[in-house]
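Colleague: Next up, run.txt (compact mmCIF, C-alpha atoms).
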# COMPACT_ATOMS: atom_id res chain seq x y z
CA MET A 452 -3.50 17.72 15.48
CA LYS A 453 -7.20 17.05 16.15
CA GLN A 454 -7.92 13.55 17.38
CA ASP A 455 -10.16 12.60 14.43
CA LEU A 456 -7.68 13.80 11.80
CA VAL A 457 -5.35 11.46 9.94
CA ALA A 458 -2.12 12.35 8.14
CA GLY A 459 -0.24 10.32 5.57
CA VAL A 460 2.98 10.83 3.65
CA ASP A 461 3.81 9.06 0.41
CA LEU A 462 7.62 9.13 0.39
CA GLY A 463 8.29 8.46 -3.28
CA THR A 464 11.41 8.45 -5.42
CA THR A 465 10.37 11.50 -7.43
CA LYS A 466 7.85 13.23 -5.14
CA VAL A 467 6.79 13.49 -1.51
CA CYS A 468 3.05 13.84 -1.01
CA ALA A 469 1.61 14.81 2.38
CA LEU A 470 -2.14 14.68 3.03
CA ILE A 471 -4.27 15.65 6.01
CA GLY A 472 -7.89 14.58 6.19
CA GLN A 473 -10.84 13.07 7.99
CA VAL A 474 -12.30 9.66 7.20
CA GLY A 475 -16.02 9.19 7.63
CA PRO A 476 -18.55 6.37 7.15
CA GLU A 477 -18.02 4.05 4.18
CA ASP A 478 -14.36 5.14 4.19
CA GLU A 479 -15.15 8.47 2.55
CA VAL A 480 -12.11 10.72 2.87
CA GLU A 481 -12.43 14.48 3.28
CA ILE A 482 -9.15 16.02 2.17
CA LEU A 483 -8.26 19.13 4.18
CA GLY A 484 -4.64 19.73 3.20
CA VAL A 485 -2.29 18.66 0.40
CA GLY A 486 1.46 19.18 0.17
CA LEU A 487 3.62 18.14 -2.76
CA ALA A 488 7.40 18.50 -2.94
CA PRO A 489 10.20 17.13 -5.14
CA SER A 490 11.79 14.08 -3.54
CA HIS A 491 15.51 14.14 -2.82
CA GLY A 492 17.62 11.53 -1.10
CA LEU A 493 15.81 8.46 -2.42
CA ARG A 494 16.70 5.98 -5.14
CA LYS A 495 14.31 3.25 -6.28
CA GLY A 496 12.26 3.73 -3.11
CA ILE A 497 15.29 3.45 -0.82
CA VAL A 498 16.55 6.32 1.35
CA VAL A 499 20.15 7.12 0.37
CA ASP A 500 20.46 10.53 2.07
CA ILE A 501 18.54 11.07 5.31
CA SER A 502 19.08 14.83 5.55
CA LYS A 503 17.88 15.45 1.98
CA SER A 504 14.86 13.19 2.36
CA ALA A 505 14.01 14.99 5.63
CA GLU A 506 14.10 18.34 3.83
CA SER A 507 11.65 17.04 1.22
CA ILE A 508 9.36 15.71 3.95
CA ILE A 509 9.40 19.05 5.79
CA GLU A 510 8.53 20.95 2.61
CA ALA A 511 5.58 18.70 1.75
CA VAL A 512 4.24 18.58 5.32
CA GLU A 513 4.47 22.34 5.81
CA LYS A 514 2.44 22.89 2.63
CA ALA A 515 -0.25 20.47 3.83
CA GLU A 516 -0.32 22.09 7.29
CA LYS A 517 -0.65 25.57 5.81
CA MET A 518 -3.52 24.52 3.56
CA SER A 519 -5.42 22.64 6.29
CA GLY A 520 -4.71 24.93 9.22
CA PHE A 521 -3.64 21.95 11.37
CA SER A 522 -0.22 20.80 12.55
CA ILE A 523 1.03 17.26 11.96
CA ASN A 524 2.58 15.39 14.89
CA SER A 525 2.51 11.84 13.53
CA VAL A 526 1.89 10.24 10.14
CA TYR A 527 1.27 6.98 8.33
CA VAL A 528 4.06 6.45 5.81
CA GLY A 529 4.04 4.48 2.57
CA VAL A 530 7.06 2.26 1.91
CA THR A 531 8.28 0.49 -1.20
CA GLY A 532 11.47 -0.82 -2.78
CA GLY A 533 13.10 -3.97 -4.03
CA HIS A 534 13.71 -5.09 -0.43
CA ILE A 535 9.97 -5.75 0.05
CA SER A 536 8.96 -9.39 -0.12
CA SER A 537 6.03 -11.57 0.91
CA ARG A 538 5.50 -15.13 2.02
CA VAL A 539 2.50 -17.27 2.96
CA ASN A 540 2.00 -18.64 6.46
CA HIS A 541 -0.74 -20.77 8.03
CA SER A 542 -2.11 -21.27 11.53
CA ILE A 543 -4.88 -23.19 13.31
CA VAL A 544 -6.61 -22.33 16.59
CA SER A 545 -9.23 -24.20 18.58
CA ILE A 546 -12.49 -22.53 19.52
CA SER A 547 -13.35 -22.84 23.20
CA PRO A 548 -16.51 -24.56 24.48
CA PRO A 549 -19.29 -24.24 25.44
CA ARG A 550 -20.28 -21.61 22.87
CA TYR A 551 -17.98 -22.73 20.04
CA GLU A 552 -18.39 -19.31 18.47
CA ILE A 553 -15.51 -17.54 16.73
CA THR A 554 -14.80 -14.15 18.26
CA GLU A 555 -12.67 -11.27 17.07
CA GLN A 556 -10.12 -12.36 19.68
CA ASP A 557 -9.96 -15.84 18.11
CA ARG A 558 -9.37 -14.32 14.70
CA GLY A 559 -6.71 -12.00 16.10
CA ARG A 560 -5.06 -14.92 17.90
CA ALA A 561 -4.82 -16.92 14.66
CA ILE A 562 -3.36 -13.99 12.76
CA SER A 563 -0.90 -13.27 15.58
CA ILE A 564 0.37 -16.86 15.46
CA CYS A 565 0.90 -16.49 11.69
CA SER A 566 3.04 -13.39 12.21
CA LYS A 567 5.56 -15.35 14.27
CA VAL A 568 7.86 -16.52 11.50
CA ASP A 569 11.58 -17.17 11.39
CA LEU A 570 13.20 -14.35 9.47
CA PRO A 571 16.78 -13.45 8.66
CA ASP A 572 18.24 -10.86 11.03
CA ASP A 573 18.08 -8.20 8.32
CA GLN A 574 14.31 -8.61 7.72
CA GLU A 575 11.25 -7.59 9.73
CA VAL A 576 7.48 -7.96 9.36
CA ILE A 577 5.56 -4.96 7.99
CA HIS A 578 2.10 -6.53 7.65
CA THR A 579 0.34 -9.79 8.37
CA VAL A 580 -2.60 -9.74 5.95
CA PRO A 581 -5.24 -12.53 6.04
CA ARG A 582 -5.89 -13.99 2.61
CA ALA A 583 -8.10 -17.02 3.38
CA TYR A 584 -10.11 -18.46 6.27
CA VAL A 585 -11.17 -22.08 6.78
CA VAL A 586 -13.83 -22.91 9.39
CA ASP A 587 -14.04 -26.60 10.35
CA GLY A 588 -12.70 -27.53 6.92
CA GLN A 589 -15.05 -25.21 5.03
CA ARG A 590 -13.16 -22.93 2.66
CA GLY A 591 -14.15 -19.64 1.06
CA ILE A 592 -15.04 -17.91 4.33
CA LEU A 593 -14.78 -14.12 4.04
CA ASN A 594 -15.34 -13.24 7.71
CA PRO A 595 -15.32 -16.04 10.32
CA VAL A 596 -16.31 -13.88 13.30
CA GLY A 597 -19.64 -15.01 14.78
CA MET A 598 -19.63 -18.40 13.07
CA SER A 599 -20.05 -21.61 15.07
CA ALA A 600 -16.96 -23.81 14.87
CA THR A 601 -14.48 -25.94 16.77
CA ARG A 602 -11.48 -24.91 14.66
CA LEU A 603 -10.37 -21.82 12.75
CA GLU A 604 -7.61 -21.86 10.16
CA VAL A 605 -6.13 -18.74 8.60
CA GLU A 606 -3.72 -18.28 5.72
CA THR A 607 -1.88 -14.98 5.66
CA ASN A 608 0.50 -12.96 3.57
CA ILE A 609 3.53 -12.00 5.64
CA ILE A 610 4.97 -8.84 4.07
CA THR A 611 8.53 -8.10 5.13
CA GLY A 612 11.18 -5.51 4.43
CA SER A 613 14.81 -4.74 5.10
CA VAL A 614 15.39 -3.65 8.72
CA THR A 615 17.92 -1.00 7.70
CA ALA A 616 15.83 0.35 4.81
CA LEU A 617 12.78 0.72 7.07
CA LYS A 618 14.83 2.28 9.88
CA ASN A 619 16.23 4.85 7.45
CA VAL A 620 12.70 5.82 6.43
CA ILE A 621 11.81 6.34 10.10
CA LYS A 622 15.06 8.27 10.69
CA SER A 623 14.17 10.61 7.82
CA PHE A 624 10.91 11.50 9.56
CA THR A 625 12.39 11.82 13.04
CA THR A 626 15.04 14.11 11.53
CA ALA A 627 12.13 16.14 10.14
CA GLY A 628 10.59 16.23 13.63
CA ILE A 629 7.66 13.94 12.80
CA GLU A 630 6.68 10.66 14.46
CA VAL A 631 5.86 7.65 12.28
CA THR A 632 2.68 5.97 13.54
CA ASP A 633 2.95 3.04 11.15
CA LEU A 634 4.69 1.96 7.95
CA VAL A 635 2.31 0.84 5.21
CA LEU A 636 3.08 -1.00 1.99
CA GLU A 637 2.37 1.48 -0.81
CA SER A 638 0.45 -0.91 -3.05
CA LEU A 639 -1.75 -1.91 -0.10
CA ALA A 640 -2.39 1.76 0.70
CA SER A 641 -3.23 2.53 -2.94
CA SER A 642 -5.75 -0.32 -3.00
CA TYR A 643 -7.74 1.41 -0.25
CA ALA A 644 -8.06 4.46 -2.48
CA VAL A 645 -8.60 3.20 -6.04
CA LEU A 646 -10.22 -0.26 -5.95
CA THR A 647 -13.95 -0.77 -5.68
CA GLU A 648 -15.20 -3.50 -3.37
CA SER A 649 -16.23 -5.67 -6.31
CA GLU A 650 -12.78 -5.33 -7.90
CA LYS A 651 -11.21 -6.85 -4.81
CA SER A 652 -12.86 -10.12 -5.84
CA GLY A 653 -10.23 -10.32 -8.57
CA ALA A 654 -7.85 -7.65 -9.85
CA ILE A 655 -4.24 -6.73 -10.50
CA LEU A 656 -3.27 -3.33 -9.13
CA LEU A 657 -0.21 -1.73 -10.74
CA ASP A 658 1.15 1.34 -8.96
CA MET A 659 3.68 2.75 -11.42
CA GLY A 660 5.81 5.30 -9.61
CA GLY A 661 9.03 7.07 -10.45
CA GLY A 662 11.54 4.55 -9.13
CA THR A 663 9.42 1.44 -8.59
CA THR A 664 6.32 -0.39 -9.79
CA ASP A 665 4.32 -1.91 -6.94
CA VAL A 666 2.00 -4.81 -7.69
CA ALA A 667 -0.88 -6.08 -5.54
CA ILE A 668 -3.04 -9.04 -6.58
CA PHE A 669 -6.51 -9.41 -5.09
CA ARG A 670 -8.69 -12.50 -5.13
CA ASN A 671 -11.82 -13.34 -3.14
CA TYR A 672 -11.69 -9.90 -1.47
CA ALA A 673 -8.24 -10.53 -0.01
CA LEU A 674 -4.66 -9.62 -0.85
CA LEU A 675 -3.37 -12.74 -2.59
CA ASP A 676 0.19 -11.56 -3.31
CA THR A 677 2.33 -8.45 -3.63
CA PHE A 678 5.77 -7.59 -4.94
CA CYS A 679 7.81 -4.60 -6.07
CA LEU A 680 9.91 -4.16 -9.20
CA PRO A 681 12.71 -1.55 -9.02
CA VAL A 682 11.71 0.01 -12.36
CA GLY A 683 9.39 2.90 -13.03
CA GLY A 684 8.94 6.29 -14.65
CA ASN A 685 12.57 7.33 -14.09
CA HIS A 686 13.68 4.49 -16.37
CA ILE A 687 11.40 5.85 -19.10
CA THR A 688 12.94 9.29 -18.61
CA ASN A 689 16.43 7.79 -18.82
CA ASP A 690 15.56 5.96 -22.05
CA ILE A 691 14.30 9.23 -23.56
CA SER A 692 17.49 11.00 -22.48
CA ILE A 693 19.68 8.38 -24.15
CA GLY A 694 17.51 7.93 -27.24
CA LEU A 695 17.16 11.65 -27.98
CA ARG A 696 20.57 12.66 -26.54
CA ILE A 697 19.12 15.27 -24.25
CA PRO A 698 19.65 16.09 -20.52
CA LEU A 699 17.51 14.25 -17.96
CA GLU A 700 15.65 17.44 -17.04
CA GLU A 701 14.70 17.98 -20.70
CA ALA A 702 13.77 14.30 -21.04
CA GLU A 703 11.40 14.58 -18.08
CA ARG A 704 9.76 17.64 -19.63
CA VAL A 705 9.40 15.88 -22.96
CA LYS A 706 7.87 12.81 -21.27
CA ILE A 707 5.29 14.91 -19.41
CA GLU A 708 4.37 17.17 -22.32
CA HIS A 709 4.60 14.80 -25.30
CA GLY A 710 4.93 11.29 -23.87
CA ARG A 711 2.58 8.58 -25.03
CA VAL A 712 2.64 4.85 -25.69
CA ASP A 713 0.16 4.40 -28.53
CA LYS A 714 1.42 5.18 -32.04
CA GLU A 715 -1.55 4.21 -34.20
CA ASP A 716 -3.31 7.57 -34.34
CA ILE A 717 -0.19 9.77 -34.45
CA ASP A 718 0.22 11.93 -37.55
CA PRO A 719 3.47 10.72 -39.18
CA ALA A 720 4.47 14.36 -39.66
CA ASP A 721 3.74 15.43 -36.07
CA PHE A 722 6.85 16.72 -34.27
CA PHE A 723 8.02 18.87 -31.35
CA GLU A 724 11.14 20.83 -30.44
CA ILE A 725 13.80 19.79 -27.94
CA LYS A 726 17.09 21.13 -26.59
CA ASP A 727 19.89 18.59 -27.00
CA ASN A 728 22.96 18.06 -24.81
CA TRP A 729 24.72 20.94 -26.53
CA GLY A 730 21.82 23.37 -26.05
CA GLU A 731 20.81 23.31 -29.70
CA SER A 732 17.19 23.01 -30.83
CA LYS A 733 16.08 20.17 -33.02
CA ALA A 734 12.82 18.57 -34.12
CA VAL A 735 11.75 15.11 -33.01
CA LEU A 736 8.89 13.07 -34.45
CA THR A 737 6.20 12.27 -31.88
CA SER A 738 6.01 8.72 -33.22
CA PHE A 739 9.72 8.22 -32.54
CA LEU A 740 9.29 9.29 -28.90
CA ALA A 741 6.26 6.99 -28.54
CA GLY A 742 8.36 4.10 -29.82
CA ILE A 743 11.01 4.68 -27.12
CA ILE A 744 8.40 4.83 -24.37
CA GLU A 745 6.43 1.82 -25.59
CA ILE A 746 9.47 -0.47 -25.49
CA ARG A 747 10.17 0.31 -21.83
CA VAL A 748 6.52 0.22 -20.66
CA ARG A 749 5.89 -3.06 -22.48
CA GLU A 750 9.01 -4.50 -20.84
CA ILE A 751 7.79 -3.49 -17.36
CA LEU A 752 4.35 -4.97 -17.97
CA ASN A 753 5.80 -8.24 -19.31
CA LEU A 754 8.09 -8.50 -16.26
CA ILE A 755 5.04 -8.15 -14.02
CA LYS A 756 3.07 -10.71 -16.01
CA ARG A 757 5.88 -13.28 -15.83
CA GLU A 758 6.23 -12.74 -12.08
CA ILE A 759 2.50 -13.29 -11.52
CA GLU A 760 2.38 -16.34 -13.77
CA ARG A 761 4.96 -18.07 -11.59
CA GLU A 762 2.11 -18.63 -9.14
CA GLY A 763 -0.32 -19.86 -11.81
CA PRO A 764 -2.55 -18.69 -14.69
CA LEU A 765 -4.28 -15.32 -14.71
CA ASP A 766 -7.73 -16.73 -15.53
CA PHE A 767 -9.22 -15.72 -12.18
CA LEU A 768 -8.16 -12.05 -12.50
CA PRO A 769 -10.78 -10.18 -14.56
CA ARG A 770 -9.31 -6.66 -14.46
CA VAL A 771 -6.15 -4.55 -14.32
CA VAL A 772 -6.15 -1.19 -12.50
CA VAL A 773 -3.18 1.07 -13.25
CA THR A 774 -2.33 3.99 -10.97
CA GLY A 775 0.66 6.11 -10.01
CA GLY A 776 2.33 8.93 -11.94
CA SER A 777 3.41 6.84 -14.94
CA SER A 778 -0.19 5.74 -15.55
CA LEU A 779 -0.80 9.25 -16.89
CA LEU A 780 1.16 8.45 -20.06
CA ARG A 781 -1.37 8.22 -22.86
CA GLY A 782 -1.90 4.64 -23.94
CA VAL A 783 -0.54 2.91 -20.82
CA VAL A 784 -3.96 1.61 -19.81
CA GLU A 785 -4.63 0.25 -23.31
CA LEU A 786 -1.19 -1.40 -23.46
CA SER A 787 -1.69 -3.03 -20.05
CA GLY A 788 -4.99 -4.45 -21.27
CA GLU A 789 -3.22 -5.85 -24.33
CA VAL A 790 -0.34 -7.42 -22.38
CA PHE A 791 -2.56 -9.01 -19.72
CA ASP A 792 -5.41 -9.73 -22.15
CA MET A 793 -8.07 -8.33 -19.85
CA PRO A 794 -9.96 -5.06 -19.31
CA SER A 795 -7.85 -2.26 -17.85
CA ARG A 796 -8.64 1.10 -16.34
CA ILE A 797 -6.79 3.99 -14.73
CA GLY A 798 -7.03 4.13 -10.94
CA VAL A 799 -7.84 7.46 -9.29
CA PRO A 800 -8.85 7.98 -5.64
CA LEU A 801 -12.51 7.18 -5.02
CA ARG A 802 -14.86 8.21 -2.20
CA VAL A 803 -13.13 11.56 -1.61
CA SER A 804 -14.53 14.97 -0.69
CA GLY A 805 -13.02 18.30 0.25
CA LEU A 806 -10.16 19.12 -2.11
CA VAL A 807 -11.52 16.75 -4.75
CA ASP A 808 -10.06 18.57 -7.74
CA ARG A 809 -6.58 18.35 -6.24
CA VAL A 810 -6.44 14.68 -5.32
CA THR A 811 -8.53 12.78 -7.89
CA GLN A 812 -5.36 11.98 -9.81
CA PRO A 813 -3.31 8.78 -9.88
CA ILE A 814 -0.30 10.43 -8.21
CA TYR A 815 -2.36 10.81 -5.01
CA ALA A 816 -3.52 7.18 -4.84
CA THR A 817 -1.07 6.12 -2.11
CA GLY A 818 -1.54 9.32 -0.10
CA VAL A 819 -5.34 9.06 0.00
CA GLY A 820 -5.13 5.33 0.75
CA LEU A 821 -2.85 6.03 3.72
CA LEU A 822 -5.58 8.16 5.29
CA THR A 823 -8.16 5.37 4.99
CA TYR A 824 -5.71 2.76 6.26
CA GLY A 825 -4.72 5.08 9.11
CA ARG A 826 -8.28 5.72 10.26
CA ASN A 827 -9.08 1.99 10.19
CA HIS A 828 -5.93 1.37 12.23
CA GLN A 829 -7.00 4.04 14.74
CA LEU A 830 -10.40 2.41 15.14
CA GLU A 831 -8.80 -1.00 15.75
CA VAL A 832 -6.52 0.48 18.42
CA GLU A 833 -9.49 2.23 20.08
CA SER A 834 -11.48 -1.03 20.03
CA ARG A 835 -8.64 -2.94 21.70
CA ARG A 836 -8.33 -0.25 24.36
CA ARG A 837 -12.04 -0.57 25.16
CA GLU A 838 -11.77 -4.35 25.34
CA GLU A 839 -8.61 -4.44 27.48
CA PRO A 840 -10.22 -3.02 30.67
CA LEU A 841 -13.05 -5.59 30.41
CA LEU A 842 -10.55 -8.37 29.82
CA SER A 843 -8.45 -7.21 32.77
CA PHE A 844 -11.60 -7.08 34.92
CA LEU A 845 -12.56 -10.65 33.99
CA VAL A 846 -9.02 -11.92 34.59
CA ASN A 847 -8.96 -10.29 38.02
CA ARG A 848 -12.41 -11.74 38.87
CA VAL A 849 -11.21 -15.25 37.96
CA ARG A 850 -7.95 -14.73 39.86
CA ASN A 851 -9.85 -13.52 42.93
CA TRP A 852 -12.29 -16.42 42.66
CA PHE A 853 -9.47 -18.98 42.66
CA SER A 854 -7.79 -17.08 45.49
CA GLY A 855 -11.02 -17.25 47.49
CA LEU A 856 -11.29 -21.00 46.91
CA ARG A 857 -7.72 -21.51 48.10
CA MET A 858 -8.27 -19.46 51.27
CA SER A 859 -11.54 -21.29 51.98
CA SER A 860 -9.80 -24.63 51.55
CA GLU A 861 -7.11 -23.56 54.01
CA ARG A 862 -9.84 -22.81 56.56
CA GLY A 863 -11.40 -26.26 56.16
CA GLY A 864 -13.42 -25.83 53.00
CA PRO A 865 -16.53 -23.91 52.10
CA ASN A 866 -19.69 -24.18 54.13
CA TRP A 867 -22.17 -25.56 51.58
Take the structure in the file and give it back as structure tokens.

Modeller:
Amino acid sequence: MKQDLVAGVDLGTTKVCALIGQVGPEDEVEILGVGLAPSHGLRKGIVVDISKSAESIIEAVEKAEKMSGFSINSVYVGVTGGHISSRVNHSIVSISPPRYEITEQDRGRAISICSKVDLPDDQEVIHTVPRAYVVDGQRGILNPVGMSATRLEVETNIITGSVTALKNVIKSFTTAGIEVTDLVLESLASSYAVLTESEKSGAILLDMGGGTTDVAIFRNYALLDTFCLPVGGNHITNDISIGLRIPLEEAERVKIEHGRVDKEDIDPADFFEIKDNWGESKAVLTSFLAGIIEIRVREILNLIKREIEREGPLDFLPRVVVTGGSSLLRGVVELSGEVFDMPSRIGVPLRVSGLVDRVTQPIYATGVGLLTYGRNHQLEVESRRREEPLLSFLVNRVRNWFSGLRMSSERGGPNW
């Protein structure tokens, strides 16, 4: 794979999406290859069959490779599931004299201290995401680097996941012959793709997938909180199957072709044909189907609202952005606006070029976001590599200087 290319794989419960692209200035993503395959071996975001999940990964990746003309050696992978949790941690570092200027190393040191938390043996850290900086007691700092100060405080979100669940994701990719560069929380990845910079000042991002709904809350241009509910589009499909007494495959077809949440403008006489469990055709009113779907979607949205309100009122969040496959159901955006009592819009990948027609859909939000996240991660690694030789040089100079002083002292001291 070319050095400036980035590859990401959204390993979902219902689909596996592989993307290959290049990320340019202003995080614009040029999509070169797309691969989509049905997902097998996962349940509610958790790998339950490594060999089947590996087969799905191989199918999606091969399609993306064929379209782009490049081979994938390593990928950034989106992770989700009920095992994901977050907690807040806080650290303080002193800024060294005589300059008293905060450097990128100071910021990194403060974040690194935050990441050192006591966790149960079955949990590990996925991300340490800064959510607030305080410089000499002054709050509301967006970027402390370059500011004069004697003390830097940072508050971070520590996002953790189950050790075994994360290892099984990695095993699925190694079984497929692909290296995992990094694991990325899916809602965080999606935010890179669908949120505008201004929306990060205050927004709720709902990524409604097949087996899970991932939630990310942004305030003051930082990730304030995140959580995952193990409910999604598959639960809607299951409700349709039970309510209409039809097989799951038929219920999925009905959801895609006729599913909607709003009932107000439906003709009371409007109907469609289905095949029931016994293979017989029967007519179903569109309004009846909409009623089944609305109950489940409203329940999911109310669960999310109650979870967010545990941390306080929603007054500071001016917008809801809904993405993921289930956001395509007609009326979901309007219902989310009603439940949260704020403007709502559908989230599609922004700042993309190349295969625009293919990926400007909500189902590609995580995949496109993984490419942006991955390129930013690559740049950070490259920056550290450039800084490390200079740091090593300075350390060696200081070490040699002290060594010279010691040797001079042994000979009777320096000749001033």

Colleague: Smallest atom-to-atom distance to Ile497 in chain A: which of A:Gly532, A:Pro476, A:Glu789, A:Pro548, using all atoms listed in the file?

Modeller: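 Under the stated criterion, the closest residue is A:Gly532.
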
Colleague: Write out as a PyMOL selection string the residues lying within 10 Å of Glu703 in chain A, counting all atoms listed in the file and excluding same-chain residues fewer than 5 positions away.

Modeller: chain A and resi 684-685+687-689+691-692+697-698+708-710

Colleague: Compare A:Gly459, A:Pro581, A:Pro769, A:Pro489 by their minimum atom-to-atom distance to Lys503 in chain A, counting only C-alpha atoms, and give me the closest one.

Modeller: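 Closest residue, counting only C-alpha atoms: A:Pro489.
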
Colleague: For Val799 in chain A, which of A:Gly463, A:Gly776, A:Gly529, A:Gly588 is the closest residue, counting only C-alpha atoms?

Modeller: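 Ranked by minimum distance to Val799 in chain A, first place goes to A:Gly776.
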
Colleague: Could you check the closest approach to Leu786 in chain A for each of A:Ile746, A:Val666, A:Ile693, A:Ala458 and tell me which residue wins, using all atoms listed in the file?

Modeller: A:Ile746

Colleague: Do a neighbour search on Leu779 in chain A at 9 Å with only C-alpha atoms, toss out local chain neighbours closer than 6 positions, and write the hits as a PDB file with C-alpha atoms, keeping the file's coordinate frame.

Modeller:
ATOM      1  CA  ILE A 707       5.290  14.910 -19.410  1.00  0.00           C
ATOM      2  CA  ARG A 711       2.580   8.580 -25.030  1.00  0.00           C
ATOM      3  CA  ILE A 797      -6.790   3.990 -14.730  1.00  0.00           C
ATOM      4  CA  GLN A 812      -5.360  11.980  -9.810  1.00  0.00           C
ATOM      5  CA  PRO A 813      -3.310   8.780  -9.880  1.00  0.00           C
ATOM      6  CA  ILE A 814      -0.300  10.430  -8.210  1.00  0.00           C
TER       7      ILE A 814
END

Colleague: Could you please determine the separation between CA of Gly520 in chain A and CA of Ser490 in chain A in Å, to one decimal place?

Modeller: 23.5 Å

Colleague: If we draw a sphere of 12 Å around (2.8, 13.1, 14.9), which residues have at least one atom in it when counting only C-alpha atoms? Please report them as a list in words.

Modeller: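 Returned residue set, sorted by chain then number, is Met452, Lys453, Gln454, Leu456, Val457, Ala458, Gly459, Val460, Ile471, Val512, Phe521, Ser522, Ile523, Asn524, Ser525, Val526, Tyr527, Val528, Phe624, Thr625, Ala627, Gly628, Ile629, Glu630, Val631, Thr632 and Asp633 of chain A.
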
Colleague: Counting only C-alpha atoms, which residue out of A:Ile501, A:Leu830, A:Leu822, A:Leu493 sits closest to Thr626 in chain A?

Modeller: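 Ranked by minimum distance to Thr626 in chain A, first place goes to A:Ile501.
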
Colleague: Between A:Phe678, A:Phe791, A:Phe767, A:Tyr824, which residue has the minimum interatomic distance to Gly533 in chain A, considering all atoms listed in the file?

Modeller: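 Nearest candidate to Gly533 in chain A out of A:Phe678, A:Phe791, A:Phe767, A:Tyr824: A:Phe678.
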